[in-house]
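Enquirer: What follows is target.cif; its format and atoms are mmCIF, C-alpha atoms and all ligand atoms.
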```cif
data_work
loop_
_atom_site.label_atom_id
_atom_site.label_comp_id
_atom_site.auth_asym_id
_atom_site.auth_seq_id
_atom_site.Cartn_x
_atom_site.Cartn_y
_atom_site.Cartn_z
CA MET K 1 50.50 -0.85 29.43
CA ARG K 2 50.71 1.95 31.98
CA ARG K 3 47.25 2.96 33.18
CA ILE K 4 46.49 6.57 34.04
CA TYR K 5 43.23 7.36 35.78
CA PHE K 6 41.92 10.88 35.17
CA ASP K 7 38.26 10.16 35.93
CA ASN K 8 38.20 10.85 39.65
CA ASN K 9 34.83 12.63 39.49
CA ALA K 10 33.32 9.24 38.55
CA THR K 11 34.93 7.53 41.51
CA THR K 12 38.23 7.62 43.39
CA PRO K 13 40.54 4.82 44.51
CA LEU K 14 40.69 4.00 48.23
CA LEU K 15 43.68 5.56 49.94
CA PRO K 16 45.79 2.86 51.68
CA PRO K 17 44.97 4.07 55.25
CA VAL K 18 41.26 3.81 54.37
CA LEU K 19 41.70 0.21 53.27
CA ALA K 20 43.65 -0.51 56.47
CA ALA K 21 40.81 0.94 58.55
CA ILE K 22 38.16 -1.08 56.73
CA GLU K 23 39.76 -4.53 56.63
CA PRO K 24 39.23 -5.48 60.29
CA CYS K 25 35.51 -4.67 59.97
CA PHE K 26 35.06 -7.78 57.83
CA ILE K 27 36.84 -10.15 60.22
CA GLU K 28 37.02 -9.63 64.00
CA GLY K 29 35.00 -6.39 64.08
CA PHE K 30 32.03 -7.48 61.98
CA GLY K 31 29.16 -6.73 64.43
CA ASN K 32 25.73 -5.28 63.81
CA ALA K 33 25.74 -1.83 65.39
CA GLY K 34 22.16 -2.43 66.49
CA SER K 35 22.99 -5.46 68.68
CA ILE K 36 23.28 -5.03 72.44
CA HIS K 37 26.04 -7.60 73.00
CA GLN K 38 29.71 -6.69 72.99
CA VAL K 39 30.32 -7.54 69.33
CA GLY K 40 27.48 -5.19 68.41
CA GLN K 41 28.57 -2.50 70.84
CA ARG K 42 32.07 -2.46 69.37
CA ALA K 43 30.53 -1.92 65.94
CA ARG K 44 28.32 0.84 67.37
CA ALA K 45 31.35 2.58 68.85
CA GLN K 46 33.06 2.52 65.45
CA VAL K 47 30.01 3.90 63.66
CA GLU K 48 29.72 6.70 66.22
CA ALA K 49 33.45 7.51 65.95
CA ALA K 50 33.06 7.83 62.18
CA ARG K 51 29.98 10.00 62.68
CA GLU K 52 32.09 12.35 64.83
CA GLN K 53 34.84 12.42 62.18
CA LEU K 54 32.37 13.28 59.45
CA ALA K 55 30.58 15.87 61.58
CA ALA K 56 33.95 17.56 62.21
CA PHE K 57 34.69 17.41 58.47
CA ILE K 58 31.69 19.62 57.63
CA GLY K 59 31.36 21.57 60.89
CA ALA K 60 28.20 19.76 62.00
CA ARG K 61 27.04 17.97 65.16
CA ALA K 62 27.25 14.18 65.15
CA ALA K 63 23.48 13.86 65.64
CA GLU K 64 22.93 15.76 62.38
CA ILE K 65 24.64 13.06 60.28
CA VAL K 66 22.44 10.39 58.65
CA PHE K 67 24.39 7.62 56.95
CA THR K 68 23.09 6.55 53.55
CA SER K 69 24.18 4.29 50.69
CA GLY K 70 25.71 7.19 48.73
CA GLY K 71 25.03 10.40 46.90
CA THR K 72 21.92 9.27 45.08
CA GLU K 73 20.17 8.14 48.24
CA GLY K 74 21.18 11.30 50.09
CA ASP K 75 19.75 13.50 47.32
CA ASN K 76 16.57 11.41 47.14
CA LEU K 77 16.11 11.52 50.91
CA ALA K 78 16.60 15.30 50.99
CA LEU K 79 14.03 15.99 48.28
CA PHE K 80 11.39 13.37 49.01
CA GLY K 81 11.88 13.82 52.76
CA ALA K 82 11.38 17.60 52.74
CA VAL K 83 8.76 18.22 50.06
CA GLN K 84 5.09 17.25 49.84
CA PRO K 85 2.43 17.63 47.10
CA CYS K 86 1.42 21.30 46.62
CA ASP K 87 4.80 22.51 47.91
CA HIS K 88 7.06 24.35 45.48
CA LEU K 89 10.62 23.13 44.84
CA ILE K 90 13.35 25.12 43.09
CA THR K 91 16.38 23.41 41.64
CA SER K 92 18.80 24.02 38.77
CA ALA K 93 19.27 22.63 35.28
CA ILE K 94 22.87 21.60 36.01
CA GLU K 95 22.12 19.21 38.90
CA HIS K 96 23.08 15.56 38.86
CA HIS K 97 20.38 13.16 37.68
CA ALA K 98 19.91 12.06 41.31
CA ILE K 99 18.26 15.46 41.81
CA LEU K 100 16.71 15.94 38.37
CA ALA K 101 15.03 12.52 38.24
CA SER K 102 13.74 12.95 41.81
CA THR K 103 12.41 16.37 40.88
CA GLN K 104 10.57 14.93 37.90
CA ARG K 105 8.96 12.22 40.06
CA LEU K 106 7.94 14.81 42.65
CA GLN K 107 6.40 16.95 39.93
CA GLU K 108 4.38 13.96 38.72
CA SER K 109 3.08 13.53 42.25
CA GLY K 110 1.80 17.11 42.53
CA VAL K 111 4.82 19.11 43.68
CA GLU K 112 5.27 22.44 41.88
CA VAL K 113 8.74 22.68 40.35
CA THR K 114 10.90 25.47 38.93
CA ILE K 115 14.19 24.58 37.29
CA VAL K 116 16.44 27.62 37.00
CA GLY K 117 19.23 27.85 34.40
CA CYS K 118 22.83 28.93 34.66
CA ASP K 119 25.01 31.49 32.88
CA ALA K 120 27.53 30.73 30.12
CA ASN K 121 30.16 29.91 32.75
CA GLY K 122 27.95 27.29 34.37
CA VAL K 123 27.07 29.38 37.43
CA VAL K 124 23.51 29.40 38.79
CA GLN K 125 22.61 33.03 39.39
CA PRO K 126 21.16 33.80 42.84
CA GLU K 127 18.79 36.32 41.22
CA SER K 128 17.17 33.57 39.18
CA VAL K 129 16.42 31.70 42.42
CA GLN K 130 15.11 34.90 43.97
CA GLU K 131 12.78 35.43 41.00
CA ALA K 132 11.52 31.85 41.14
CA LEU K 133 10.40 32.02 44.79
CA ARG K 134 6.70 31.56 45.52
CA PRO K 135 4.79 31.79 48.80
CA ASN K 136 4.73 27.96 48.95
CA THR K 137 8.43 27.40 48.12
CA LYS K 138 9.47 24.70 50.56
CA LEU K 139 12.92 23.73 49.34
CA VAL K 140 15.70 25.11 47.16
CA SER K 141 18.33 22.58 46.04
CA VAL K 142 21.47 23.75 44.23
CA MET K 143 24.68 21.76 44.08
CA MET K 144 27.92 23.03 45.60
CA ALA K 145 30.21 21.95 42.74
CA ASN K 146 29.21 20.64 39.36
CA ASN K 147 30.36 17.11 38.52
CA GLU K 148 31.10 17.86 34.87
CA THR K 149 32.73 21.29 34.97
CA GLY K 150 33.80 21.55 38.63
CA VAL K 151 32.18 25.00 38.71
CA LEU K 152 31.48 26.12 42.29
CA GLN K 153 28.04 27.56 42.89
CA PRO K 154 27.18 30.57 45.08
CA VAL K 155 25.45 28.31 47.60
CA ALA K 156 25.75 30.61 50.64
CA GLU K 157 24.02 33.41 48.77
CA ILE K 158 21.32 31.08 47.49
CA ALA K 159 20.80 29.61 50.98
CA ALA K 160 20.25 33.12 52.36
CA ILE K 161 17.68 33.84 49.64
CA ALA K 162 15.85 30.59 50.42
CA HIS K 163 15.80 31.35 54.14
CA GLN K 164 14.45 34.86 53.63
CA ALA K 165 11.47 33.16 52.01
CA ASN K 166 11.24 30.59 54.85
CA ALA K 167 12.30 27.79 52.51
CA LEU K 168 14.84 25.10 53.31
CA PHE K 169 18.12 24.88 51.42
CA HIS K 170 19.76 21.63 50.30
CA THR K 171 23.08 21.32 48.55
CA ASP K 172 24.54 18.29 46.81
CA ALA K 173 28.18 18.63 47.90
CA VAL K 174 29.25 15.25 46.50
CA GLN K 175 31.75 16.80 44.06
CA ALA K 176 32.96 19.52 46.41
CA ALA K 177 33.98 17.19 49.24
CA ALA K 178 37.71 16.82 49.85
CA LYS K 179 38.39 19.29 47.03
CA VAL K 180 37.26 22.46 48.80
CA PRO K 181 36.56 22.80 52.55
CA ILE K 182 32.90 22.47 53.52
CA SER K 183 31.24 24.23 56.45
CA VAL K 184 27.50 23.74 56.84
CA ASP K 185 27.32 26.96 58.86
CA GLU K 186 29.20 29.04 56.29
CA ILE K 187 26.89 27.73 53.57
CA GLY K 188 23.87 28.03 55.84
CA CYS K 189 22.33 24.83 54.46
CA ASP K 190 19.66 22.73 56.15
CA LEU K 191 20.51 19.59 54.19
CA LEU K 192 23.76 18.51 52.49
CA THR K 193 24.70 15.34 50.62
CA LEU K 194 28.09 13.59 50.52
CA ALA K 195 29.30 10.32 48.98
CA ALA K 196 32.40 8.51 50.30
CA HIS K 197 33.58 7.16 46.96
CA LYS K 198 34.19 10.62 45.53
CA MET K 199 36.66 11.35 48.34
CA ASN K 200 38.85 8.23 48.45
CA GLY K 201 36.43 6.30 50.63
CA PRO K 202 34.48 3.17 49.71
CA GLN K 203 31.61 2.95 47.24
CA GLY K 204 28.07 2.42 48.53
CA VAL K 205 28.14 4.76 51.51
CA GLY K 206 27.37 8.44 51.98
CA LEU K 207 25.59 10.80 54.30
CA LEU K 208 22.86 13.37 54.47
CA TYR K 209 23.48 16.23 56.87
CA VAL K 210 20.17 17.25 58.45
CA ARG K 211 20.35 20.47 60.46
CA ARG K 212 18.89 20.12 63.94
CA GLY K 213 15.17 20.92 63.88
CA THR K 214 14.71 20.19 60.15
CA LEU K 215 11.69 18.00 59.61
CA LEU K 216 12.44 15.12 57.27
CA GLN K 217 10.20 12.22 56.41
CA SER K 218 12.14 8.97 56.18
CA ARG K 219 12.06 7.17 52.83
CA GLN K 220 13.02 3.70 53.91
CA LEU K 221 10.70 1.99 56.35
CA GLY K 222 11.99 -0.52 58.86
CA GLY K 223 13.98 -0.32 62.08
CA ARG K 224 14.77 2.83 64.05
CA HIS K 225 18.29 3.15 62.66
CA GLU K 226 19.81 6.61 62.26
CA ARG K 227 17.28 8.07 64.76
CA GLY K 228 14.41 6.91 62.60
CA ARG K 229 15.60 8.85 59.57
CA ARG K 230 17.03 5.93 57.56
CA ALA K 231 16.08 2.34 58.32
CA GLY K 232 18.56 -0.46 57.63
CA THR K 233 21.63 -1.97 59.28
CA GLU K 234 24.51 0.46 59.10
CA ASN K 235 27.24 -0.34 56.54
CA LEU K 236 29.96 -0.73 59.18
CA ALA K 237 33.01 -1.12 56.93
CA GLY K 238 31.77 1.60 54.58
CA ILE K 239 31.10 4.05 57.40
CA VAL K 240 34.47 3.38 59.07
CA GLY K 241 36.24 3.92 55.73
CA PHE K 242 34.22 7.08 55.08
CA GLY K 243 35.25 8.51 58.46
CA ARG K 244 38.91 7.73 57.83
CA ALA K 245 38.72 9.29 54.35
CA ALA K 246 37.34 12.49 55.92
CA GLN K 247 40.23 12.60 58.41
CA LEU K 248 42.72 12.19 55.57
CA ALA K 249 41.03 14.96 53.59
CA VAL K 250 41.43 17.34 56.54
CA GLU K 251 45.18 16.51 56.65
CA TRP K 252 45.39 16.96 52.87
CA PHE K 253 43.93 20.48 53.09
CA ALA K 254 46.33 21.34 55.94
CA ASN K 255 49.31 20.11 53.89
CA GLY K 256 48.55 22.29 50.85
CA GLY K 257 46.91 19.51 48.82
CA GLN K 258 44.48 21.88 47.15
CA GLN K 259 47.24 24.13 45.79
CA GLU K 260 49.22 21.15 44.51
CA MET K 261 46.19 19.68 42.80
CA ARG K 262 45.25 22.99 41.21
CA ALA K 263 48.80 23.39 39.87
CA LEU K 264 48.64 19.92 38.33
CA ARG K 265 45.21 20.61 36.80
CA ASP K 266 46.38 23.96 35.42
CA ARG K 267 49.46 22.34 33.91
CA LEU K 268 47.21 19.85 32.11
CA GLU K 269 44.67 22.42 31.02
CA GLN K 270 47.12 25.06 29.85
CA GLY K 271 49.23 22.44 28.08
CA ILE K 272 46.23 21.16 26.14
CA CYS K 273 45.00 24.63 25.22
CA ARG K 274 48.51 25.51 24.02
CA THR K 275 49.00 22.45 21.83
CA VAL K 276 45.51 21.73 20.50
CA PRO K 277 44.07 24.33 18.09
CA GLY K 278 40.59 25.45 19.10
CA ALA K 279 40.58 23.77 22.54
CA SER K 280 38.87 25.79 25.29
CA VAL K 281 37.87 25.23 28.91
CA ASN K 282 34.14 25.00 29.64
CA GLY K 283 33.43 27.04 32.77
CA GLY K 284 37.05 28.17 32.81
CA ARG K 285 36.18 31.70 33.89
CA ALA K 286 34.23 30.64 36.98
CA PRO K 287 35.61 29.52 40.36
CA ARG K 288 36.12 25.74 40.17
CA THR K 289 37.19 22.75 42.22
CA PRO K 290 40.96 22.30 41.87
CA ASN K 291 40.79 18.91 40.15
CA THR K 292 38.36 19.30 37.25
CA SER K 293 38.91 20.47 33.71
CA ASN K 294 36.19 20.19 31.09
CA ILE K 295 37.70 20.88 27.69
CA ALA K 296 35.88 21.44 24.40
CA PHE K 297 37.60 20.04 21.30
CA PRO K 298 35.67 21.32 18.26
CA GLY K 299 35.50 18.76 15.47
CA VAL K 300 35.95 15.84 17.85
CA GLU K 301 33.34 13.30 18.85
CA GLY K 302 33.58 12.89 22.62
CA GLU K 303 32.97 9.13 22.79
CA GLY K 304 35.63 8.56 20.15
CA PHE K 305 38.12 10.56 22.22
CA VAL K 306 37.36 8.55 25.37
CA ILE K 307 37.85 5.26 23.50
CA ALA K 308 41.05 6.40 21.77
CA MET K 309 42.54 7.53 25.09
CA ASP K 310 41.44 4.31 26.79
CA LEU K 311 43.21 2.26 24.12
CA GLN K 312 46.37 4.09 25.16
CA GLY K 313 45.73 3.42 28.86
CA VAL K 314 44.17 6.73 29.93
CA ALA K 315 40.74 6.92 31.55
CA VAL K 316 38.82 10.16 30.97
CA SER K 317 35.13 10.85 30.49
CA THR K 318 32.60 12.76 28.48
CA GLY K 319 30.83 13.87 31.65
CA ALA K 320 28.65 12.19 34.22
CA ALA K 321 29.62 8.53 34.65
CA CYS K 322 26.05 7.33 34.41
CA SER K 323 25.50 9.03 31.04
CA SER K 324 28.83 8.02 29.52
CA GLY K 325 28.10 5.64 26.70
CA ALA K 326 24.95 7.55 25.79
CA THR K 327 25.18 9.82 22.78
CA GLU K 328 23.03 12.54 24.35
CA PRO K 329 25.00 15.77 24.81
CA SER K 330 25.58 16.72 28.42
CA HIS K 331 22.61 18.54 29.97
CA VAL K 332 25.08 20.67 31.93
CA LEU K 333 26.92 21.94 28.86
CA VAL K 334 23.63 22.44 27.02
CA ALA K 335 22.39 24.56 29.97
CA MET K 336 25.56 26.66 29.53
CA GLY K 337 24.48 27.33 25.95
CA LEU K 338 27.00 24.99 24.33
CA THR K 339 25.36 22.92 21.61
CA GLU K 340 27.75 21.35 19.08
CA GLN K 341 30.64 21.95 21.47
CA ALA K 342 28.90 19.79 24.07
CA ARG K 343 29.43 16.70 21.89
CA GLY K 344 33.18 17.17 21.76
CA SER K 345 33.81 18.04 25.40
CA ILE K 346 35.92 15.90 27.68
CA ARG K 347 36.17 15.86 31.46
CA PHE K 348 39.61 15.36 32.94
CA SER K 349 39.28 14.92 36.71
CA LEU K 350 42.41 14.48 38.78
CA GLY K 351 42.81 12.66 42.08
CA LYS K 352 45.21 12.67 44.99
CA GLN K 353 47.15 9.75 43.45
CA ASN K 354 47.93 11.54 40.15
CA THR K 355 51.38 12.92 39.38
CA ALA K 356 53.02 15.54 37.16
CA GLU K 357 54.60 12.70 35.19
CA GLU K 358 51.13 11.36 34.36
CA VAL K 359 50.00 14.82 33.30
CA ASP K 360 52.96 15.07 30.94
CA ILE K 361 52.23 11.65 29.41
CA VAL K 362 48.64 12.76 28.73
CA LEU K 363 49.85 16.09 27.34
CA ASP K 364 52.00 14.22 24.83
CA MET K 365 49.06 12.02 23.82
CA VAL K 366 46.14 14.46 23.41
CA PRO K 367 47.21 16.46 20.32
CA GLY K 368 47.68 13.29 18.24
CA VAL K 369 44.36 11.82 19.34
CA VAL K 370 42.54 15.05 18.48
CA ARG K 371 44.27 15.28 15.09
CA LYS K 372 43.24 11.72 14.15
CA LEU K 373 39.64 12.23 15.24
CA ARG K 374 39.40 15.51 13.36
CA GLU K 375 40.58 13.78 10.19
CA LEU K 376 37.49 11.58 10.53
CA SER K 377 35.14 14.51 11.13
CA PRO K 378 33.36 15.73 7.96
CA ALA K 379 32.58 19.06 9.65
CA TRP K 380 36.21 19.65 10.52
CA ALA K 381 37.88 18.30 7.35
CA GLY K 382 39.65 20.99 5.37
CA LYS K 383 39.68 23.50 8.28
C1 LIG I 1 27.04 15.74 42.01
C2 LIG I 1 26.69 14.31 42.23
N1 LIG I 1 25.61 13.99 42.97
C3 LIG I 1 25.25 12.74 43.20
C4 LIG I 1 25.96 11.68 42.67
C5 LIG I 1 25.51 10.27 42.93
O1 LIG I 1 26.35 9.69 43.90
P1 LIG I 1 26.41 8.09 44.07
O2 LIG I 1 27.12 7.58 42.88
O3 LIG I 1 27.21 7.91 45.34
O4 LIG I 1 25.04 7.60 44.21
C6 LIG I 1 27.08 11.94 41.87
C7 LIG I 1 27.83 10.85 41.23
O5 LIG I 1 28.44 11.01 40.19
C8 LIG I 1 27.46 13.29 41.65
O6 LIG I 1 28.51 13.61 40.90
#
```
Will you turn the file into structure tokens for me?
Expert:
Amino acid sequence: MRRIYFDNNATTPLLPPVLAAIEPCFIEGFGNAGSIHQVGQRARAQVEAAREQLAAFIGARAAEIVFTSGGTEGDNLALFGAVQPCDHLITSAIEHHAILASTQRLQESGVEVTIVGCDANGVVQPESVQEALRPNTKLVSVMMANNETGVLQPVAEIAAIAHQANALFHTDAVQAAAKVPISVDEIGCDLLTLAAHKMNGPQGVGLLYVRRGTLLQSRQLGGRHERGRRAGTENLAGIVGFGRAAQLAVEWFANGGQQEMRALRDRLEQGICRTVPGASVNGGRAPRTPNTSNIAFPGVEGEGFVIAMDLQGVAVSTGAACSSGATEPSHVLVAMGLTEQARGSIRFSLGKQNTAEEVDIVLDMVPGVVRKLRELSPAWAGK
């Protein structure tokens, strides 16, 4: 059976040049970047080259890049590293659980927390952040692009509001990376999280950008790796692959990749909305990443749709990968005011490997799957 992967917001496949860059790291170039002998120094040089590549990717200085094990660790390090008991933290209801669960733990340990909502399009309103500010607000954390809807957030505006109140600004840019260009100076952020596996790099590696002069308490205790900000031997192969993935993303932007991806996504989205009665795009009126389409199918049970598509070889998702399989409606869609609709919403997320032919195969498949599921739905029967 032909397999079509439309769940690239969960994770992306390695691009072949990334795999080619990584392979030697496991054989002749396997050193510990902390060792002073030549094997170690070669590894160090590779880590530092990747640091430069990633710094260039987001317009940062190499010394501002802290390698981590991925998006979750980067988000945890940003929040726990910047905030202390009695400080006030502002974040939003549409964040990934890496932020929301950290926020909850911080609150339990005496940090004051405000969680602001979003509008019906899934956009966090800068005014709501402005209104939430307190004299002791230490950090504002709002994601750059939402993982479920792809909706881009007004992060530059929110960063400016945070800075006017002398607070730091963090953004989780995991789902924005390699889909829209990122400039830490244009955003004006102090902290920014990335994960390699969402941008055709390997799983288990990411980074936290820490603007020069930002005080951050390290979470992991051990050696003086990453200038004392993150203890633990660097993941050489992961970091090298991450750097290569960033270089490829820069080339992709330069070659019109964004426009091509958006055209493919629009073809999918418009095709579905044309052929499936009642289908609508969640967050469709807001600016979005070019690869993500979150579509509500009234009268359909989301998990059933994912399984039915999977049986025909197509991987899609009901939302965040970690909550797929749970029957809870998406907290993001609920924050947008969608209740019943949230249960029948599906995320289609395209990647650089997807083709127009694959989109057309999926377009042929979706109306039949929806029809069958609606026949099983008591609420929909007879409509
Ligand atoms: C917005 C966002 N932040 C953080 C994460 C967590 O990243 P990781 O899986 O690399 O820990 C994800 C993963 O889905 C995400 O989408």
Enquirer: Using all atoms listed in the file, which residues have at least one atom no more than 6 Å from ligand LIG 1 (chain I)? Output them as a ChimeraX atom specification.
Expert: /K:10,70-72,96,98,146-147,172,174-175,195
Enquirer: Report, in Å to a single decimal, how far apart atom CA of Asp75 of chain K and atom CA of Ile239 of chain K are.
Expert: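 So the two atoms, atom CA of Ile239 of chain K and atom CA of Asp75 of chain K, lie 17.9 Å apart.
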Enquirer: Give me the residues within 8 Å of Leu89 of chain K as a list in words, counting only C-alpha atoms and dropping any in the same chain fewer than 6 places off.
Expert: Val83, Val111, Glu112, Val113, Thr114, Thr137, Lys138, Leu139, Val140 and Ser141 of chain K
Enquirer: If you keep C-alpha atoms, can you produce a file of those selected residues as a short mmCIF file (atom, residue, chain, number, x, y, z; two decimals), in the coordinates of the input?
Expert:
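Here's the written file again-v9.cif:
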```
data_model
loop_
_atom_site.label_atom_id
_atom_site.label_comp_id
_atom_site.auth_asym_id
_atom_site.auth_seq_id
_atom_site.Cartn_x
_atom_site.Cartn_y
_atom_site.Cartn_z
CA VAL K 83 8.76 18.22 50.06
CA VAL K 111 4.82 19.11 43.68
CA GLU K 112 5.27 22.44 41.88
CA VAL K 113 8.74 22.68 40.35
CA THR K 114 10.90 25.47 38.93
CA THR K 137 8.43 27.40 48.12
CA LYS K 138 9.47 24.70 50.56
CA LEU K 139 12.92 23.73 49.34
CA VAL K 140 15.70 25.11 47.16
CA SER K 141 18.33 22.58 46.04
#
```
Enquirer: Give the centre and edge lengths of an axis-aligned box, in Å to one decimal, that holds all listed atoms of segment 365-371 of chain K with 4 Å on each side, as AutoDock Vina command-line options.
Expert:
```
--center_x 45.8 --center_y 14.1 --center_z 19.5 --size_x 14.5 --size_y 12.6 --size_z 16.7
```
Enquirer: For a test of reading the model, state the distance in Å between atom CA of Val250 of chain K and atom CA of Glu157 of chain K, rounded to one decimal.
Expert: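 Separating atom CA of Val250 of chain K from atom CA of Glu157 of chain K is a distance of 24.9 Å.
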Enquirer: Would you please work out which residue, of K:Ala45, K:Ile36, K:Val142, K:Ala55, is nearest to Leu207 of chain K when using only C-alpha atoms?
Expert: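 Closest to Leu207 of chain K of all the choices is K:Ala55.
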Enquirer: Would you please work out which residue, of K:Ile295, K:Ala196, K:Cys86, K:Ala237, is nearest to Ile27 of chain K when using all atoms listed in the file?
Expert: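 Of K:Ile295, K:Ala196, K:Cys86, K:Ala237, the one nearest Ile27 of chain K is K:Ala237, counting all atoms listed in the file.
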Enquirer: Between atom CA of Gln164 of chain K and atom CA of Arg134 of chain K, what is the spacing in Å?
Expert: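 The value is 11.7 Å.
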Enquirer: Find the residues with any atom within 12 Å of (22.7, 26.3, 33.7); use all atoms listed in the file and the coordinates as given in the file, and write the answer as a count of residues only.
Expert: 36
Enquirer: What's the 12 Å shell around Ala21 of chain K, counting all atoms listed in the file, without same-chain residues fewer than 5 positions away, as a PyMOL selection string?
Expert: chain K and resi 14-16+26-27+29+46+50+201-202+236-245+247-248
Enquirer: Compile the contact shell of Gly34 of chain K as a list in words: residues with an atom at most 8 Å away, counting all atoms listed in the file, same-chain residues fewer than 2 positions apart removed.
Expert: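 My reading of the contact set: Asn32, Ile36, Gly40, Gln41, Arg44, His225 and Thr233 of chain K.
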Enquirer: If you keep C-alpha atoms, can you produce a file of those selected residues as a short mmCIF file (atom, residue, chain, number, x, y, z; two decimals), in the frame of the given file?
Expert:
```cif
data_model
loop_
_atom_site.label_atom_id
_atom_site.label_comp_id
_atom_site.auth_asym_id
_atom_site.auth_seq_id
_atom_site.Cartn_x
_atom_site.Cartn_y
_atom_site.Cartn_z
CA ASN K 32 25.73 -5.28 63.81
CA ILE K 36 23.28 -5.03 72.44
CA GLY K 40 27.48 -5.19 68.41
CA GLN K 41 28.57 -2.50 70.84
CA ARG K 44 28.32 0.84 67.37
CA HIS K 225 18.29 3.15 62.66
CA THR K 233 21.63 -1.97 59.28
#
```
Enquirer: Go through K:Asp87, K:Val184, K:Lys179, K:Glu226 one by one, measure the shortest atom-to-atom distance of each to Ala167 of chain K using only C-alpha atoms, and give the residue with the smallest value.
Expert: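 Going through K:Asp87, K:Val184, K:Lys179, K:Glu226 one by one, the smallest distance to Ala167 of chain K is for K:Asp87.
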Enquirer: Go through K:Gly188, K:Gly351, K:Pro135, K:Gly204 and flag the residue nearest Asn291 of chain K, using all atoms listed in the file for the distances.
Expert: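 Residue with the minimum atom-to-atom distance to Asn291 of chain K: K:Gly351.
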